[in-house]
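Q: Provided below: final-v6.txt, containing compact mmCIF, N, CA and C atoms.
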```txt
# COMPACT_ATOMS: atom_id res chain seq x y z
N MET A 1 94.05 90.29 62.28
CA MET A 1 92.72 89.71 62.36
C MET A 1 92.86 88.28 62.87
N PRO A 2 91.82 87.80 63.51
CA PRO A 2 91.89 86.41 63.98
C PRO A 2 91.86 85.45 62.80
N ALA A 3 92.34 84.26 63.05
CA ALA A 3 92.34 83.22 62.02
C ALA A 3 91.31 82.16 62.40
N TYR A 4 90.76 81.53 61.39
CA TYR A 4 89.84 80.42 61.62
C TYR A 4 90.52 79.15 61.14
N VAL A 5 90.63 78.18 62.03
CA VAL A 5 91.22 76.89 61.70
C VAL A 5 90.22 75.83 62.10
N ASP A 6 89.78 75.05 61.14
CA ASP A 6 88.77 74.00 61.37
C ASP A 6 87.54 74.57 62.06
N GLY A 7 87.15 75.78 61.64
CA GLY A 7 85.94 76.40 62.19
C GLY A 7 86.12 77.01 63.57
N LYS A 8 87.35 77.03 64.08
CA LYS A 8 87.61 77.59 65.41
C LYS A 8 88.42 78.87 65.26
N LEU A 9 88.16 79.79 66.14
CA LEU A 9 88.81 81.09 66.12
C LEU A 9 90.13 81.04 66.86
N PHE A 10 91.21 81.59 66.25
CA PHE A 10 92.53 81.63 66.87
C PHE A 10 93.09 83.05 66.81
N PHE A 11 93.66 83.48 67.91
CA PHE A 11 94.38 84.75 67.99
C PHE A 11 95.83 84.39 68.28
N TYR A 12 96.63 84.27 67.24
CA TYR A 12 98.00 83.82 67.40
C TYR A 12 98.84 84.85 68.15
N ALA A 13 99.79 84.35 68.93
CA ALA A 13 100.63 85.22 69.76
C ALA A 13 101.47 86.18 68.94
N ASP A 14 101.84 85.80 67.72
CA ASP A 14 102.67 86.67 66.91
C ASP A 14 101.86 87.50 65.90
N SER A 15 100.55 87.52 66.06
CA SER A 15 99.72 88.31 65.14
C SER A 15 99.94 89.80 65.38
N PRO A 16 99.83 90.60 64.32
CA PRO A 16 100.04 92.05 64.48
C PRO A 16 99.18 92.69 65.57
N PRO A 17 97.88 92.36 65.68
CA PRO A 17 97.10 93.00 66.75
C PRO A 17 97.63 92.67 68.15
N ARG A 18 98.04 91.44 68.38
CA ARG A 18 98.56 91.07 69.70
C ARG A 18 99.90 91.75 69.96
N ARG A 19 100.74 91.85 68.94
CA ARG A 19 102.03 92.54 69.11
C ARG A 19 101.80 94.01 69.41
N LEU A 20 100.83 94.61 68.75
CA LEU A 20 100.50 96.01 69.01
C LEU A 20 99.96 96.19 70.43
N MET A 21 99.05 95.33 70.83
CA MET A 21 98.45 95.47 72.16
C MET A 21 99.47 95.22 73.27
N GLU A 22 100.52 94.49 72.97
CA GLU A 22 101.59 94.28 73.94
C GLU A 22 102.19 95.62 74.37
N LEU A 23 102.27 96.57 73.45
CA LEU A 23 102.79 97.90 73.80
C LEU A 23 101.89 98.61 74.79
N PHE A 24 100.59 98.34 74.72
CA PHE A 24 99.66 98.99 75.64
C PHE A 24 99.62 98.29 77.00
N SER A 25 100.20 97.09 77.09
CA SER A 25 100.18 96.38 78.36
C SER A 25 101.09 97.04 79.39
N VAL A 26 102.06 97.80 78.93
CA VAL A 26 102.92 98.56 79.84
C VAL A 26 102.15 99.84 80.18
N LYS A 27 101.87 100.00 81.45
CA LYS A 27 100.95 101.05 81.90
C LYS A 27 101.24 102.43 81.32
N TRP A 28 102.50 102.83 81.24
CA TRP A 28 102.83 104.20 80.91
C TRP A 28 103.24 104.44 79.47
N SER A 29 103.37 103.40 78.66
CA SER A 29 103.88 103.58 77.29
C SER A 29 103.05 104.57 76.49
N SER A 30 101.74 104.36 76.45
CA SER A 30 100.92 105.25 75.64
C SER A 30 100.91 106.67 76.20
N MET A 31 100.99 106.81 77.51
CA MET A 31 100.99 108.15 78.10
C MET A 31 102.28 108.90 77.77
N VAL A 32 103.42 108.21 77.79
CA VAL A 32 104.68 108.86 77.44
C VAL A 32 104.67 109.27 75.97
N LEU A 33 104.19 108.39 75.10
CA LEU A 33 104.10 108.74 73.68
C LEU A 33 103.13 109.90 73.46
N HIS A 34 102.02 109.88 74.18
CA HIS A 34 101.02 110.95 74.10
C HIS A 34 101.65 112.28 74.54
N ALA A 35 102.39 112.25 75.64
CA ALA A 35 103.04 113.47 76.13
C ALA A 35 104.05 114.00 75.12
N LEU A 36 104.92 113.13 74.62
CA LEU A 36 105.92 113.56 73.64
C LEU A 36 105.26 114.11 72.38
N TYR A 37 104.15 113.52 71.99
CA TYR A 37 103.43 113.98 70.80
C TYR A 37 103.00 115.44 70.96
N HIS A 38 102.69 115.84 72.19
CA HIS A 38 102.19 117.19 72.43
C HIS A 38 103.27 118.20 72.82
N TRP A 39 104.47 117.76 73.13
CA TRP A 39 105.55 118.69 73.43
C TRP A 39 106.01 119.35 72.12
N PRO A 40 106.46 120.60 72.19
CA PRO A 40 106.99 121.23 70.97
C PRO A 40 108.10 120.38 70.36
N ASN A 41 108.06 120.24 69.06
CA ASN A 41 109.01 119.42 68.31
C ASN A 41 109.01 117.96 68.73
N HIS A 42 107.98 117.53 69.45
CA HIS A 42 107.82 116.13 69.88
C HIS A 42 109.02 115.66 70.69
N ARG A 43 109.55 116.56 71.54
CA ARG A 43 110.69 116.20 72.39
C ARG A 43 110.52 116.85 73.75
N ALA A 44 111.08 116.18 74.76
CA ALA A 44 111.02 116.71 76.13
C ALA A 44 112.15 116.12 76.95
N ARG A 45 112.54 116.86 77.96
CA ARG A 45 113.53 116.36 78.90
C ARG A 45 112.84 115.45 79.92
N THR A 46 113.63 114.63 80.59
CA THR A 46 113.09 113.65 81.54
C THR A 46 112.26 114.32 82.62
N GLY A 47 112.79 115.37 83.23
CA GLY A 47 112.06 116.04 84.30
C GLY A 47 110.76 116.64 83.82
N GLU A 48 110.75 117.17 82.60
CA GLU A 48 109.52 117.72 82.03
C GLU A 48 108.47 116.63 81.87
N LEU A 49 108.91 115.48 81.38
CA LEU A 49 107.98 114.37 81.22
C LEU A 49 107.43 113.92 82.57
N GLN A 50 108.30 113.78 83.55
CA GLN A 50 107.84 113.30 84.85
C GLN A 50 106.85 114.28 85.47
N ARG A 51 107.11 115.57 85.37
CA ARG A 51 106.18 116.56 85.92
C ARG A 51 104.84 116.57 85.19
N SER A 52 104.87 116.25 83.89
CA SER A 52 103.63 116.29 83.12
C SER A 52 102.80 115.01 83.28
N LEU A 53 103.40 113.94 83.77
CA LEU A 53 102.70 112.66 83.91
C LEU A 53 102.45 112.37 85.39
N GLN A 54 101.40 112.94 85.91
CA GLN A 54 101.09 112.81 87.33
C GLN A 54 100.99 111.33 87.72
N GLY A 55 101.72 110.95 88.76
CA GLY A 55 101.65 109.60 89.28
C GLY A 55 102.77 108.67 88.83
N ILE A 56 103.57 109.08 87.86
CA ILE A 56 104.66 108.19 87.40
C ILE A 56 105.89 108.42 88.28
N SER A 57 106.51 107.34 88.69
CA SER A 57 107.74 107.47 89.47
C SER A 57 108.92 107.64 88.51
N LYS A 58 110.02 108.12 89.02
CA LYS A 58 111.21 108.29 88.20
C LYS A 58 111.67 106.94 87.65
N LYS A 59 111.63 105.91 88.49
CA LYS A 59 112.05 104.58 88.07
C LYS A 59 111.17 104.07 86.92
N MET A 60 109.86 104.23 87.06
CA MET A 60 108.95 103.74 86.02
C MET A 60 109.12 104.55 84.74
N LEU A 61 109.34 105.85 84.87
CA LEU A 61 109.56 106.67 83.68
C LEU A 61 110.80 106.20 82.93
N PHE A 62 111.90 105.98 83.65
CA PHE A 62 113.13 105.52 82.99
C PHE A 62 112.94 104.14 82.35
N GLN A 63 112.24 103.25 83.03
CA GLN A 63 111.99 101.92 82.44
C GLN A 63 111.16 102.04 81.17
N THR A 64 110.14 102.89 81.20
CA THR A 64 109.28 103.07 80.03
C THR A 64 110.05 103.71 78.89
N LEU A 65 110.84 104.75 79.20
CA LEU A 65 111.64 105.40 78.16
C LEU A 65 112.61 104.41 77.52
N LYS A 66 113.23 103.59 78.34
CA LYS A 66 114.20 102.60 77.83
C LYS A 66 113.51 101.61 76.88
N GLU A 67 112.34 101.11 77.27
CA GLU A 67 111.64 100.15 76.42
C GLU A 67 111.18 100.81 75.12
N LEU A 68 110.66 102.03 75.20
CA LEU A 68 110.23 102.72 73.98
C LEU A 68 111.41 102.99 73.05
N GLU A 69 112.57 103.29 73.65
CA GLU A 69 113.77 103.50 72.83
C GLU A 69 114.21 102.18 72.19
N GLN A 70 114.18 101.09 72.93
CA GLN A 70 114.57 99.79 72.40
C GLN A 70 113.65 99.36 71.25
N ARG A 71 112.41 99.77 71.30
CA ARG A 71 111.45 99.42 70.25
C ARG A 71 111.53 100.36 69.06
N GLY A 72 112.30 101.43 69.18
CA GLY A 72 112.46 102.36 68.06
C GLY A 72 111.38 103.42 67.97
N LEU A 73 110.61 103.61 69.04
CA LEU A 73 109.54 104.60 69.02
C LEU A 73 110.01 105.98 69.46
N ILE A 74 111.09 106.03 70.23
CA ILE A 74 111.69 107.29 70.66
C ILE A 74 113.20 107.19 70.55
N THR A 75 113.85 108.33 70.54
CA THR A 75 115.31 108.36 70.60
C THR A 75 115.73 109.20 71.79
N ARG A 76 116.87 108.87 72.32
CA ARG A 76 117.47 109.61 73.43
C ARG A 76 118.58 110.46 72.84
N HIS A 77 118.52 111.75 73.09
CA HIS A 77 119.52 112.67 72.55
C HIS A 77 120.28 113.30 73.71
N VAL A 78 121.59 113.09 73.76
CA VAL A 78 122.44 113.65 74.81
C VAL A 78 123.15 114.87 74.23
N HIS A 79 122.93 116.03 74.86
CA HIS A 79 123.58 117.26 74.43
C HIS A 79 124.98 117.33 75.03
N ASP A 80 125.91 117.86 74.29
CA ASP A 80 127.31 117.94 74.72
C ASP A 80 127.52 119.22 75.55
N VAL A 81 126.93 119.21 76.76
CA VAL A 81 127.06 120.34 77.68
C VAL A 81 127.31 119.82 79.09
N ILE A 82 127.76 120.73 79.96
CA ILE A 82 127.95 120.37 81.37
C ILE A 82 127.06 121.31 82.18
N PRO A 83 126.20 120.81 83.04
CA PRO A 83 125.91 119.39 83.28
C PRO A 83 125.20 118.78 82.08
N PRO A 84 125.26 117.45 81.99
CA PRO A 84 124.66 116.78 80.84
C PRO A 84 123.16 117.09 80.72
N LYS A 85 122.72 117.23 79.50
CA LYS A 85 121.31 117.49 79.21
C LYS A 85 120.85 116.41 78.25
N VAL A 86 119.74 115.75 78.58
CA VAL A 86 119.20 114.66 77.78
C VAL A 86 117.75 114.97 77.46
N ASP A 87 117.37 114.72 76.21
CA ASP A 87 115.95 114.79 75.89
C ASP A 87 115.55 113.56 75.09
N TYR A 88 114.27 113.34 75.05
CA TYR A 88 113.70 112.21 74.33
C TYR A 88 112.80 112.74 73.23
N ARG A 89 112.87 112.08 72.07
CA ARG A 89 112.13 112.55 70.89
C ARG A 89 111.40 111.38 70.25
N LEU A 90 110.24 111.67 69.70
CA LEU A 90 109.54 110.67 68.92
C LEU A 90 110.30 110.43 67.61
N THR A 91 110.43 109.19 67.23
CA THR A 91 110.99 108.84 65.93
C THR A 91 109.85 108.90 64.90
N PRO A 92 110.18 108.82 63.62
CA PRO A 92 109.10 108.73 62.62
C PRO A 92 108.15 107.56 62.91
N LEU A 93 108.71 106.41 63.33
CA LEU A 93 107.86 105.28 63.69
C LEU A 93 106.99 105.64 64.90
N GLY A 94 107.59 106.31 65.88
CA GLY A 94 106.83 106.74 67.05
C GLY A 94 105.70 107.68 66.69
N MET A 95 105.92 108.54 65.71
CA MET A 95 104.86 109.45 65.25
C MET A 95 103.70 108.66 64.65
N THR A 96 104.02 107.61 63.87
CA THR A 96 102.93 106.82 63.29
C THR A 96 102.17 106.06 64.36
N PHE A 97 102.87 105.65 65.42
CA PHE A 97 102.21 104.94 66.52
C PHE A 97 101.41 105.91 67.39
N ALA A 98 101.87 107.15 67.52
CA ALA A 98 101.18 108.13 68.36
C ALA A 98 99.84 108.55 67.76
N ALA A 99 99.73 108.51 66.45
CA ALA A 99 98.48 108.96 65.80
C ALA A 99 97.26 108.16 66.28
N PRO A 100 97.28 106.82 66.28
CA PRO A 100 96.11 106.10 66.78
C PRO A 100 95.91 106.29 68.29
N ILE A 101 96.99 106.51 69.03
CA ILE A 101 96.85 106.79 70.46
C ILE A 101 96.06 108.08 70.63
N GLU A 102 96.37 109.08 69.82
CA GLU A 102 95.64 110.34 69.89
C GLU A 102 94.16 110.14 69.57
N GLN A 103 93.85 109.25 68.64
CA GLN A 103 92.45 108.97 68.33
C GLN A 103 91.74 108.34 69.52
N MET A 104 92.43 107.43 70.22
CA MET A 104 91.83 106.82 71.40
C MET A 104 91.62 107.86 72.50
N TYR A 105 92.60 108.72 72.71
CA TYR A 105 92.47 109.74 73.73
C TYR A 105 91.34 110.70 73.37
N GLN A 106 91.18 111.02 72.09
CA GLN A 106 90.08 111.88 71.64
C GLN A 106 88.75 111.21 71.92
N TRP A 107 88.68 109.90 71.68
CA TRP A 107 87.46 109.15 71.98
C TRP A 107 87.13 109.29 73.46
N GLY A 108 88.15 109.18 74.31
CA GLY A 108 87.94 109.33 75.74
C GLY A 108 87.38 110.70 76.10
N LEU A 109 87.90 111.74 75.47
CA LEU A 109 87.39 113.08 75.72
C LEU A 109 85.94 113.23 75.26
N GLU A 110 85.64 112.66 74.11
CA GLU A 110 84.29 112.77 73.56
C GLU A 110 83.28 111.86 74.25
N ASN A 111 83.75 110.87 74.97
CA ASN A 111 82.85 109.89 75.59
C ASN A 111 83.05 109.80 77.10
N GLN A 112 83.26 110.94 77.73
CA GLN A 112 83.47 110.95 79.18
C GLN A 112 82.28 110.37 79.93
N ALA A 113 81.08 110.62 79.44
CA ALA A 113 79.89 110.08 80.12
C ALA A 113 79.91 108.55 80.10
N ALA A 114 80.33 107.96 78.98
CA ALA A 114 80.41 106.50 78.89
C ALA A 114 81.48 105.98 79.85
N LEU A 115 82.60 106.68 79.94
CA LEU A 115 83.66 106.27 80.87
C LEU A 115 83.18 106.38 82.31
N ASP A 116 82.45 107.44 82.62
CA ASP A 116 81.89 107.60 83.97
C ASP A 116 80.91 106.47 84.28
N ALA A 117 80.08 106.09 83.30
CA ALA A 117 79.12 105.01 83.50
C ALA A 117 79.85 103.68 83.72
N MET A 118 80.93 103.44 82.96
CA MET A 118 81.71 102.22 83.16
C MET A 118 82.29 102.19 84.57
N GLU A 119 82.81 103.33 85.02
CA GLU A 119 83.40 103.42 86.36
C GLU A 119 82.35 103.16 87.43
N LYS A 120 81.18 103.76 87.25
CA LYS A 120 80.09 103.57 88.21
C LYS A 120 79.68 102.10 88.27
N HIS A 121 79.57 101.48 87.10
CA HIS A 121 79.20 100.06 87.05
C HIS A 121 80.27 99.20 87.72
N TYR A 122 81.52 99.51 87.46
CA TYR A 122 82.63 98.76 88.07
C TYR A 122 82.57 98.86 89.58
N ARG A 123 82.40 100.07 90.08
CA ARG A 123 82.36 100.27 91.53
C ARG A 123 81.17 99.56 92.16
N ALA A 124 80.05 99.56 91.47
CA ALA A 124 78.86 98.90 92.00
C ALA A 124 79.03 97.39 92.06
N THR A 125 79.77 96.83 91.12
CA THR A 125 79.93 95.37 91.08
C THR A 125 81.11 94.88 91.90
N THR A 126 81.99 95.78 92.33
CA THR A 126 83.16 95.36 93.10
C THR A 126 83.18 95.92 94.51
N ASP A 127 82.18 96.69 94.87
CA ASP A 127 82.11 97.34 96.18
C ASP A 127 83.28 98.29 96.41
N ALA A 128 83.84 98.81 95.34
CA ALA A 128 84.93 99.79 95.47
C ALA A 128 84.34 101.11 95.92
N PRO A 129 84.99 101.80 96.86
CA PRO A 129 84.49 103.11 97.29
C PRO A 129 84.44 104.08 96.11
N SER A 130 83.43 104.92 96.08
CA SER A 130 83.25 105.81 94.93
C SER A 130 84.33 106.89 94.84
N ASP A 131 85.02 107.18 95.97
CA ASP A 131 86.06 108.21 95.92
C ASP A 131 87.44 107.63 95.70
N ALA A 132 87.55 106.30 95.66
CA ALA A 132 88.86 105.67 95.44
C ALA A 132 89.15 105.59 93.95
N PRO A 133 90.41 105.76 93.56
CA PRO A 133 90.74 105.62 92.13
C PRO A 133 90.54 104.19 91.69
N HIS A 134 90.10 104.02 90.44
CA HIS A 134 89.90 102.68 89.88
C HIS A 134 91.25 102.01 89.68
N ASN A 135 91.40 100.81 90.22
CA ASN A 135 92.61 100.03 90.02
C ASN A 135 92.26 98.57 90.24
N PRO A 136 92.05 97.81 89.17
CA PRO A 136 91.67 96.42 89.34
C PRO A 136 92.75 95.56 89.96
N ASP A 137 94.00 95.99 89.87
CA ASP A 137 95.11 95.21 90.42
C ASP A 137 96.04 96.16 91.18
N PRO A 138 95.87 96.27 92.51
CA PRO A 138 96.71 97.20 93.27
C PRO A 138 98.19 96.94 93.09
N ALA A 139 98.60 95.72 92.83
CA ALA A 139 100.03 95.43 92.64
C ALA A 139 100.56 96.06 91.36
N ALA A 140 99.68 96.39 90.42
CA ALA A 140 100.12 96.96 89.15
C ALA A 140 100.69 98.36 89.32
N ASP A 141 100.34 99.05 90.41
CA ASP A 141 100.85 100.41 90.63
C ASP A 141 102.18 100.43 91.32
N VAL A 142 102.66 99.29 91.77
CA VAL A 142 103.93 99.26 92.47
C VAL A 142 105.05 99.38 91.45
N ASP A 143 105.92 100.36 91.65
CA ASP A 143 107.01 100.59 90.70
C ASP A 143 108.24 99.82 91.09
```
Starting from the file, lay out its structure as structure tokens.

A:
Amino acid sequence: MPAYVDGKLFFYADSPPRRLMELFSVKWSSMVLHALYHWPNHRARTGELQRSLQGISKKMLFQTLKELEQRGLITRHVHDVIPPKVDYRLTPLGMTFAAPIEQMYQWGLENQAALDAMEKHYRATTDAPSDAPHNPDPAADVD
């Protein structure tokens, strides 16, 4: 929650909400967690994840997986076979983080009309073509 100091509102950089939202600032983090949440046993191989996440490059997928692993939200499991087989799994912490992500995604499903209205308003105010995908920062898609 924000803090009030001398009647002024402060959102400190180390506050829990800001630390949480930092995870969402990486474009693909929530999508990878969402995908793993829905795979059987909450695990998937790299190629399976890439095929299920339309638009993600291999480089971006590996970067996202590495960061999620470093944060303790997923684990990388290497099977002792030839050729090597690797899968990624949600950790217990990752499962607790995936639950609110699922609630947000459910909200999106239940409020598609509101999302469509937001998109229409955005396009009208930015002169974006109606058939172009929404992207406020084209540089953000560069992997």

Q: So which residues of chain A fall under strand (DSSP E or B) by DSSP, listed as a PDB file with N, CA and C atoms, in the coordinates of the input?

A:
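Contents of selection27.pdb, freshly written:
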```pdb
ATOM      1  N   ALA A   3      92.340  84.260  63.050  1.00  0.00           N
ATOM      2  CA  ALA A   3      92.340  83.220  62.020  1.00  0.00           C
ATOM      3  C   ALA A   3      91.310  82.160  62.400  1.00  0.00           C
ATOM      4  N   TYR A   4      90.760  81.530  61.390  1.00  0.00           N
ATOM      5  CA  TYR A   4      89.840  80.420  61.620  1.00  0.00           C
ATOM      6  C   TYR A   4      90.520  79.150  61.140  1.00  0.00           C
ATOM      7  N   VAL A   5      90.630  78.180  62.030  1.00  0.00           N
ATOM      8  CA  VAL A   5      91.220  76.890  61.700  1.00  0.00           C
ATOM      9  C   VAL A   5      90.220  75.830  62.100  1.00  0.00           C
ATOM     10  N   LYS A   8      87.350  77.030  64.080  1.00  0.00           N
ATOM     11  CA  LYS A   8      87.610  77.590  65.410  1.00  0.00           C
ATOM     12  C   LYS A   8      88.420  78.870  65.260  1.00  0.00           C
ATOM     13  N   LEU A   9      88.160  79.790  66.140  1.00  0.00           N
ATOM     14  CA  LEU A   9      88.810  81.090  66.120  1.00  0.00           C
ATOM     15  C   LEU A   9      90.130  81.040  66.860  1.00  0.00           C
ATOM     16  N   PHE A  10      91.210  81.590  66.250  1.00  0.00           N
ATOM     17  CA  PHE A  10      92.530  81.630  66.870  1.00  0.00           C
ATOM     18  C   PHE A  10      93.090  83.050  66.810  1.00  0.00           C
ATOM     19  N   ARG A  43     109.550 116.560  71.540  1.00  0.00           N
ATOM     20  CA  ARG A  43     110.690 116.200  72.390  1.00  0.00           C
ATOM     21  C   ARG A  43     110.520 116.850  73.750  1.00  0.00           C
ATOM     22  N   ALA A  44     111.080 116.180  74.760  1.00  0.00           N
ATOM     23  CA  ALA A  44     111.020 116.710  76.130  1.00  0.00           C
ATOM     24  C   ALA A  44     112.150 116.120  76.950  1.00  0.00           C
ATOM     25  N   ARG A  45     112.540 116.860  77.960  1.00  0.00           N
ATOM     26  CA  ARG A  45     113.530 116.360  78.900  1.00  0.00           C
ATOM     27  C   ARG A  45     112.840 115.450  79.920  1.00  0.00           C
ATOM     28  N   ILE A  74     111.090 106.030  70.230  1.00  0.00           N
ATOM     29  CA  ILE A  74     111.690 107.290  70.660  1.00  0.00           C
ATOM     30  C   ILE A  74     113.200 107.190  70.550  1.00  0.00           C
ATOM     31  N   THR A  75     113.850 108.330  70.540  1.00  0.00           N
ATOM     32  CA  THR A  75     115.310 108.360  70.600  1.00  0.00           C
ATOM     33  C   THR A  75     115.730 109.200  71.790  1.00  0.00           C
ATOM     34  N   ARG A  76     116.870 108.870  72.320  1.00  0.00           N
ATOM     35  CA  ARG A  76     117.470 109.610  73.430  1.00  0.00           C
ATOM     36  C   ARG A  76     118.580 110.460  72.840  1.00  0.00           C
ATOM     37  N   HIS A  77     118.520 111.750  73.090  1.00  0.00           N
ATOM     38  CA  HIS A  77     119.520 112.670  72.550  1.00  0.00           C
ATOM     39  C   HIS A  77     120.280 113.300  73.710  1.00  0.00           C
ATOM     40  N   VAL A  78     121.590 113.090  73.760  1.00  0.00           N
ATOM     41  CA  VAL A  78     122.440 113.650  74.810  1.00  0.00           C
ATOM     42  C   VAL A  78     123.150 114.870  74.230  1.00  0.00           C
ATOM     43  N   HIS A  79     122.930 116.030  74.860  1.00  0.00           N
ATOM     44  CA  HIS A  79     123.580 117.260  74.430  1.00  0.00           C
ATOM     45  C   HIS A  79     124.980 117.330  75.030  1.00  0.00           C
ATOM     46  N   LYS A  85     122.720 117.230  79.500  1.00  0.00           N
ATOM     47  CA  LYS A  85     121.310 117.490  79.210  1.00  0.00           C
ATOM     48  C   LYS A  85     120.850 116.410  78.250  1.00  0.00           C
ATOM     49  N   VAL A  86     119.740 115.750  78.580  1.00  0.00           N
ATOM     50  CA  VAL A  86     119.200 114.660  77.780  1.00  0.00           C
ATOM     51  C   VAL A  86     117.750 114.970  77.460  1.00  0.00           C
ATOM     52  N   ASP A  87     117.370 114.720  76.210  1.00  0.00           N
ATOM     53  CA  ASP A  87     115.950 114.790  75.890  1.00  0.00           C
ATOM     54  C   ASP A  87     115.550 113.560  75.090  1.00  0.00           C
ATOM     55  N   TYR A  88     114.270 113.340  75.050  1.00  0.00           N
ATOM     56  CA  TYR A  88     113.700 112.210  74.330  1.00  0.00           C
ATOM     57  C   TYR A  88     112.800 112.740  73.230  1.00  0.00           C
ATOM     58  N   ARG A  89     112.870 112.080  72.070  1.00  0.00           N
ATOM     59  CA  ARG A  89     112.130 112.550  70.890  1.00  0.00           C
ATOM     60  C   ARG A  89     111.400 111.380  70.250  1.00  0.00           C
ATOM     61  N   LEU A  90     110.240 111.670  69.700  1.00  0.00           N
ATOM     62  CA  LEU A  90     109.540 110.670  68.920  1.00  0.00           C
ATOM     63  C   LEU A  90     110.300 110.430  67.610  1.00  0.00           C
TER      64      LEU A  90
END
```

Q: Please return, as an MDAnalysis selection string, all residues of segment 11-138 of chain A that DSSP assigns to alpha helix (DSSP H) on the basis of the backbone.

A: chainID A and resid 16:25 29:38 46:52 58:70 92:110 112:126

Q: Please, what distance in Å, to one decimal, runs between atom N of Tyr37 of chain A and atom C of Leu20 of chain A?

A: 17.9 Å

Q: For atom CA of Val86 of chain A and atom CA of Arg45 of chain A, determine how far apart the two atoms are, in Å to one decimal place.

A: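 The value is 6.0 Å.
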
Q: Using all atoms of segment 123-128 of chain A listed in the file and a margin of 5 Å per side, can you give the axis-aligned box centre and edge lengths in Å to one decimal, as AutoDock Vina command-line options?

A:
```
--center_x 81.9 --center_y 98.0 --center_z 93.2 --size_x 16.1 --size_y 16.2 --size_z 16.3
```

Q: Around the point (110.3, 117.8, 77.5) in the file's coordinates, collect all residues with an atom within 8 Å, using only N, CA and C atoms, and return them as a PyMOL selection string.

A: chain A and resi 35-36+39-40+42-50+86-88

Q: One decimal, Å: what's the distance from atom N of Arg18 of chain A over to atom N of Glu119 of chain A, could you say?

A: 25.5 Å

Q: Which one is closest to Leu65 of chain A: A:Trp28, A:His38, A:Trp107, A:Ala99? Count only N, CA and C atoms.

A: A:Trp28

Q: Need to verify the contact set: Leu33 of chain A, 8 Å, only C-alpha atoms, exclusion of same-chain residues closer than 5 positions in sequence. Can you return it as a compact mmCIF listing (two decimals) with N, CA and C atoms, keeping the file's coordinate frame?

A:
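Final output, out_8.txt:
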```
# COMPACT_ATOMS: atom_id res chain seq x y z
N LEU A 90 110.24 111.67 69.70
CA LEU A 90 109.54 110.67 68.92
C LEU A 90 110.30 110.43 67.61
N GLY A 94 107.59 106.31 65.88
CA GLY A 94 106.83 106.74 67.05
C GLY A 94 105.70 107.68 66.69
N ALA A 98 101.87 107.15 67.52
CA ALA A 98 101.18 108.13 68.36
C ALA A 98 99.84 108.55 67.76
```

Q: From the options A:Thr91, A:Ser29, A:Pro16, A:Ala117, which residue's atoms come nearest to Asn41 of chain A, counting only C-alpha atoms?

A: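 Going through A:Thr91, A:Ser29, A:Pro16, A:Ala117 one by one, the smallest distance to Asn41 of chain A is for A:Thr91.
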
Q: Neighbours of Tyr12 of chain A within 8 Å (only N, CA and C atoms; same-chain residues fewer than 4 positions away dropped), as a ChimeraX atom specification?

A: /A:1-3,16-19

Q: For a quick check of understanding, using only C-alpha atoms, which of A:Ala113, A:Val81, A:Leu61, A:Leu23 has the smallest distance to Ile101 of chain A?

A: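 For Ile101 of chain A, the nearest of the candidates is A:Leu23.
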
Q: At most 8 Å from (109.9, 99.7, 65.1), file frame, all atoms listed in the file: which residues, as JSON, numbers by chain?

A: {"A": [70, 71, 72, 73, 93, 94]}
